[in-house]
Amino acid sequence: MALTTVRSWRRPASRADLALAPGEAYAAGGTWLFSEPQPGLTGLVDLTALGWPAWEPLAPTGAGGLRIAATCTIAELQRAPWPPALAGAVRACADALLMSWKVQRAATVGGNLALALPAGAMTSLLAGLGADAVVWTADGGERRLPVAELVTGVGTTALLPGEVIRAVDVPAAALSAPVAVRRTSLADRGRSAAVVVGRRTPQGPVLTVTASTPAPLVLTGDVLAGVAAVETWYDDPHGAPDWRAAQTRRLVAEVLAELEAAG
């Protein structure tokens with residue numbers, strides 16, 4: 001879609017160039033941005049111009065882990081050095097976006113997170129892996145918060161005005177842990193109605209529920225009791241709340257069973 005109100009396209013050379021003027025917004029892949037009208041938008045700031053590596057090991061500290069740039073595309077994400085046991089989960093979440101290969105080459109991880117749709121598959125994957133979002137603050141600083149806390153509701157995030165998602169850090173422990181993914185939708189190629197990502201930890205299984213809830217739900221301890229206690233389920237044309245609740249309980253049981261078998 002042509003954004004007829006846009007009059008400028010800026011390519012920042014450094015972080016100092018990221019301050020937004022009135023009417024400007026950040027752009028990376030732009031696959032959603034150009035999919036519908038953007039009233040009041042007069043300028044775009046192209047984050048890809050900063051040249052962040054799509055992914056890089058977090059090895060200098062000795063802690064391991066993997067950093068995924070906010071501008072990493074869905075296609076590049078699948079080519080990152082994931083352990084073989086985890087690569088299938090990454091592909092499953094990437095495919096859950098139901099996009100063509102052309103869109104996968106443009107859509108970005110940070111864009112999917114910032115859009116904050118309940119069915120955002122990058123939210124499912126990265127919250128499920130216990131990853132942290134690295135956020136550049138408007139005053140030149142940096143803060144970190146779990147991806148599960150970055151998305152606060154339908155289309156809402158914890159980002160403050162002028163803040164930018166710089167990267168997402170996946171901890172080393174998540175890269176070596178058994179992981180299971182389950183997803184369901186009303187149609188074979190429909191938008192996700194419930195997604196459950198589970199990983200095994202020394203303290204027990206950690207499950208993250210997305211798509212069926214307005215914001216990511218992280219369950220530990222008595223996971224079955226936790227999901228049974230949920231009172232608010234997402235409601236849209238892709239699934240009624242009672243159906244989503246039932247499907248989520250089924251997926252949670254399947255993920256728990258797979259993790260137990262893997263353990």
# chains A, B, ... in the order shown; residues from 1 in each chain; ligands from 1
call {"tool": "residues_around", "arguments": {"residues": "Gly43 in chain A", "least_positions_apart": "6", "cutoff": "10 Å", "atoms": "only C-alpha atoms", "output": "PyMOL selection string"}}
result
chain A and resi 3+5-10+20-27
call {"tool": "residues_around", "arguments": {"residues": "Trp55 in chain A", "least_positions_apart": "3", "cutoff": "8 Å", "atoms": "only C-alpha atoms", "output": "PyMOL selection string"}}
result
chain A and resi 66-69+72+77+80
call {"tool": "residues_around", "arguments": {"residues": "Val206 in chain A", "least_positions_apart": "2", "cutoff": "9 Å", "atoms": "only C-alpha atoms", "output": "PDB file with C-alpha atoms, in the first residue's frame"}}
result
ATOM      1  CA  GLY A 128       9.040 -19.217  25.451  1.00  0.00           C
ATOM      2  CA  GLY A 130      13.004 -16.859  28.358  1.00  0.00           C
ATOM      3  CA  VAL A 197       6.071 -23.178  24.034  1.00  0.00           C
ATOM      4  CA  GLY A 198       7.618 -25.194  26.829  1.00  0.00           C
ATOM      5  CA  ARG A 199      11.191 -25.719  27.935  1.00  0.00           C
ATOM      6  CA  ARG A 200      12.654 -27.963  30.587  1.00  0.00           C
ATOM      7  CA  THR A 201      14.756 -26.353  33.329  1.00  0.00           C
ATOM      8  CA  GLN A 203      13.606 -26.245  38.463  1.00  0.00           C
ATOM      9  CA  GLY A 204      10.949 -27.908  36.331  1.00  0.00           C
ATOM     10  CA  THR A 208       4.557 -19.834  27.831  1.00  0.00           C
ATOM     11  CA  VAL A 218       4.341 -17.748  31.738  1.00  0.00           C
ATOM     12  CA  LEU A 219       3.510 -20.833  33.807  1.00  0.00           C
ATOM     13  CA  THR A 220       5.809 -22.574  36.286  1.00  0.00           C
ATOM     14  CA  GLY A 221       5.293 -24.984  39.160  1.00  0.00           C
ATOM     15  CA  VAL A 223       1.378 -25.655  35.264  1.00  0.00           C
TER      16      VAL A 223
END
call {"tool": "select_by_dssp", "arguments": {"residues": "range 105-216 of chain A", "states": "helix (DSSP H, G or I)", "output": "number ranges by chain"}}
result
A: 109-115, 121-128, 147-150, 172-176
call {"tool": "write_last_selection", "arguments": {"atoms": "N, CA and C atoms", "output": "mmCIF file, in the first residue's frame"}}
result
data_model
loop_
_atom_site.group_PDB
_atom_site.id
_atom_site.type_symbol
_atom_site.label_atom_id
_atom_site.label_comp_id
_atom_site.auth_asym_id
_atom_site.auth_seq_id
_atom_site.Cartn_x
_atom_site.Cartn_y
_atom_site.Cartn_z
ATOM 1 N N VAL A 109 12.097 -9.521 13.366
ATOM 2 C CA VAL A 109 11.798 -9.997 14.713
ATOM 3 C C VAL A 109 11.290 -8.844 15.579
ATOM 4 N N GLY A 110 12.006 -7.712 15.565
ATOM 5 C CA GLY A 110 11.598 -6.581 16.382
ATOM 6 C C GLY A 110 10.244 -6.029 15.983
ATOM 7 N N GLY A 111 9.970 -6.026 14.686
ATOM 8 C CA GLY A 111 8.681 -5.535 14.229
ATOM 9 C C GLY A 111 7.543 -6.402 14.728
ATOM 10 N N ASN A 112 7.736 -7.715 14.710
ATOM 11 C CA ASN A 112 6.705 -8.623 15.198
ATOM 12 C C ASN A 112 6.472 -8.438 16.691
ATOM 13 N N LEU A 113 7.541 -8.228 17.454
ATOM 14 C CA LEU A 113 7.389 -7.998 18.883
ATOM 15 C C LEU A 113 6.681 -6.680 19.157
ATOM 16 N N ALA A 114 7.111 -5.617 18.482
ATOM 17 C CA ALA A 114 6.554 -4.292 18.741
ATOM 18 C C ALA A 114 5.092 -4.192 18.309
ATOM 19 N N LEU A 115 4.693 -4.975 17.316
ATOM 20 C CA LEU A 115 3.304 -4.963 16.873
ATOM 21 C C LEU A 115 2.389 -5.515 17.967
ATOM 22 N N ALA A 121 4.149 -14.632 16.411
ATOM 23 C CA ALA A 121 4.907 -15.869 16.616
ATOM 24 C C ALA A 121 6.294 -15.630 17.197
ATOM 25 N N MET A 122 6.881 -14.455 16.950
ATOM 26 C CA MET A 122 8.182 -14.183 17.549
ATOM 27 C C MET A 122 8.036 -13.941 19.050
ATOM 28 N N THR A 123 6.904 -13.392 19.454
ATOM 29 C CA THR A 123 6.618 -13.282 20.886
ATOM 30 C C THR A 123 6.532 -14.674 21.493
ATOM 31 N N SER A 124 5.842 -15.588 20.790
ATOM 32 C CA SER A 124 5.713 -16.963 21.282
ATOM 33 C C SER A 124 7.080 -17.607 21.457
ATOM 34 N N LEU A 125 7.906 -17.540 20.421
ATOM 35 C CA LEU A 125 9.209 -18.190 20.451
ATOM 36 C C LEU A 125 10.114 -17.605 21.518
ATOM 37 N N LEU A 126 10.282 -16.290 21.502
ATOM 38 C CA LEU A 126 11.297 -15.660 22.343
ATOM 39 C C LEU A 126 10.851 -15.554 23.799
ATOM 40 N N ALA A 127 9.566 -15.357 24.027
ATOM 41 C CA ALA A 127 9.081 -15.419 25.405
ATOM 42 C C ALA A 127 9.207 -16.848 25.927
ATOM 43 N N GLY A 128 8.927 -17.820 25.057
ATOM 44 C CA GLY A 128 9.040 -19.217 25.451
ATOM 45 C C GLY A 128 10.457 -19.633 25.790
ATOM 46 N N VAL A 147 11.025 -10.694 27.327
ATOM 47 C CA VAL A 147 10.103 -10.536 26.202
ATOM 48 C C VAL A 147 8.669 -10.773 26.657
ATOM 49 N N ALA A 148 8.481 -11.682 27.616
ATOM 50 C CA ALA A 148 7.140 -11.959 28.129
ATOM 51 C C ALA A 148 6.524 -10.747 28.812
ATOM 52 N N GLU A 149 7.360 -9.801 29.238
ATOM 53 C CA GLU A 149 6.855 -8.572 29.865
ATOM 54 C C GLU A 149 6.844 -7.390 28.903
ATOM 55 N N LEU A 150 7.499 -7.542 27.767
ATOM 56 C CA LEU A 150 7.512 -6.471 26.771
ATOM 57 C C LEU A 150 6.126 -6.273 26.172
ATOM 58 N N ALA A 172 21.937 -18.886 27.284
ATOM 59 C CA ALA A 172 22.579 -20.140 26.908
ATOM 60 C C ALA A 172 21.802 -21.348 27.408
ATOM 61 N N ALA A 173 21.211 -21.221 28.603
ATOM 62 C CA ALA A 173 20.478 -22.357 29.170
ATOM 63 C C ALA A 173 19.307 -22.755 28.283
ATOM 64 N N ALA A 174 18.667 -21.782 27.650
ATOM 65 C CA ALA A 174 17.529 -22.082 26.779
ATOM 66 C C ALA A 174 17.980 -22.767 25.501
ATOM 67 N N LEU A 175 19.205 -22.478 25.065
ATOM 68 C CA LEU A 175 19.705 -23.087 23.836
ATOM 69 C C LEU A 175 20.000 -24.565 24.007
ATOM 70 N N SER A 176 20.236 -24.985 25.235
ATOM 71 C CA SER A 176 20.572 -26.389 25.475
ATOM 72 C C SER A 176 19.435 -27.167 26.119
#
call {"tool": "atom_distance", "arguments": {"atom1": "CA of Ala107 in chain A", "atom2": "CA of Ala167 in chain A"}}
result
14.9 Å
call {"tool": "select_by_dssp", "arguments": {"residues": "range 15-249 of chain A", "states": "strand (DSSP E or B)", "output": "ChimeraX atom specification"}}
result
/A:24-27,43-46,55-57,66-69,73,108,132-136,142-146,151-153,156-157,164-170,179-184,194-201,204-210,217-219,236,239
call {"tool": "residues_around", "arguments": {"residues": "Ala106 in chain A", "least_positions_apart": "6", "cutoff": "7 Å", "atoms": "only C-alpha atoms", "output": "number ranges by chain"}}
result
A: 29, 31, 73
call {"tool": "write_last_selection", "arguments": {"atoms": "C-alpha atoms", "output": "tab-separated table (two decimals), in the first residue's frame"}}
result
chain	number	residue	atom	x	y	z
A	29	GLY	CA	10.85	-4.62	7.29
A	31	THR	CA	5.52	-5.53	6.08
A	73	THR	CA	14.38	-10.95	9.35
call {"tool": "atom_distance", "arguments": {"atom1": "CA of Val196 in chain A", "atom2": "CA of Arg182 in chain A"}}
result
5.3 Å
call {"tool": "residues_around", "arguments": {"residues": "Arg143 in chain A", "least_positions_apart": "3", "cutoff": "10 Å", "atoms": "only C-alpha atoms", "output": "list in words"}}
result
Asp132, Ala133, Val134, Val135, Trp136, Thr137, Glu163 and Ile165 of chain A
call {"tool": "residues_around", "arguments": {"residues": "range 185-189 of chain A", "least_positions_apart": "6", "cutoff": "9 Å", "atoms": "only C-alpha atoms", "output": "number ranges by chain"}}
result
A: 96, 98, 238-239
call {"tool": "write_last_selection", "arguments": {"atoms": "C-alpha atoms", "output": "mmCIF file, in the first residue's frame"}}
result
data_model
loop_
_atom_site.group_PDB
_atom_site.id
_atom_site.type_symbol
_atom_site.label_atom_id
_atom_site.label_comp_id
_atom_site.auth_asym_id
_atom_site.auth_seq_id
_atom_site.Cartn_x
_atom_site.Cartn_y
_atom_site.Cartn_z
ATOM 1 C CA ALA A 96 3.142 -19.973 12.311
ATOM 2 C CA LEU A 98 1.757 -17.931 7.676
ATOM 3 C CA HIS A 238 -10.064 -16.673 14.988
ATOM 4 C CA GLY A 239 -11.450 -18.418 18.059
#
call {"tool": "closest_residue", "arguments": {"among": "A:Ala138, A:Val181, A:Val252, A:Ala28", "to": "Trp52 in chain A", "atoms": "only C-alpha atoms"}}
result
A:Ala28
call {"tool": "residues_around", "arguments": {"residues": "Leu117 in chain A", "least_positions_apart": "4", "cutoff": "12 Å", "atoms": "only C-alpha atoms", "output": "list in words"}}
result
Trp32, Leu97, Gly111, Asn112, Leu113, Ala121, Met122, Thr123, Ser124, Leu150, Val151, Thr152, Gly153, Val154, Gly155, Thr156, Thr157, Arg191, Ser192, Ala193, Thr210, Ala211, Ser212, Thr213, Pro214, Ala215, Pro216, Tyr234 and Asp236 of chain A
call {"tool": "write_last_selection", "arguments": {"atoms": "C-alpha atoms", "output": "short mmCIF file (atom, residue, chain, number, x, y, z; two decimals), in the first residue's frame"}}
result
data_model
loop_
_atom_site.label_atom_id
_atom_site.label_comp_id
_atom_site.auth_asym_id
_atom_site.auth_seq_id
_atom_site.Cartn_x
_atom_site.Cartn_y
_atom_site.Cartn_z
CA TRP A 32 2.76 -4.43 8.45
CA LEU A 97 3.27 -16.45 10.87
CA GLY A 111 8.68 -5.53 14.23
CA ASN A 112 6.71 -8.62 15.20
CA LEU A 113 7.39 -8.00 18.88
CA ALA A 121 4.91 -15.87 16.62
CA MET A 122 8.18 -14.18 17.55
CA THR A 123 6.62 -13.28 20.89
CA SER A 124 5.71 -16.96 21.28
CA LEU A 150 7.51 -6.47 26.77
CA VAL A 151 4.10 -7.32 25.29
CA THR A 152 1.50 -6.08 27.78
CA GLY A 153 -1.73 -6.56 25.83
CA VAL A 154 -3.37 -6.51 22.42
CA GLY A 155 -1.29 -4.01 20.46
CA THR A 156 0.37 -2.58 23.58
CA THR A 157 3.92 -2.90 24.86
CA ARG A 191 -4.04 -17.39 12.30
CA SER A 192 -2.81 -18.99 15.52
CA ALA A 193 -5.55 -19.35 18.11
CA THR A 210 0.37 -16.91 23.61
CA ALA A 211 -2.32 -16.27 20.99
CA SER A 212 -5.11 -17.52 23.26
CA THR A 213 -4.34 -14.86 25.87
CA PRO A 214 -4.12 -11.07 25.36
CA ALA A 215 -0.50 -11.06 26.57
CA PRO A 216 2.09 -13.81 27.10
CA TYR A 234 -8.65 -13.67 23.88
CA ASP A 236 -11.70 -12.55 18.04
#
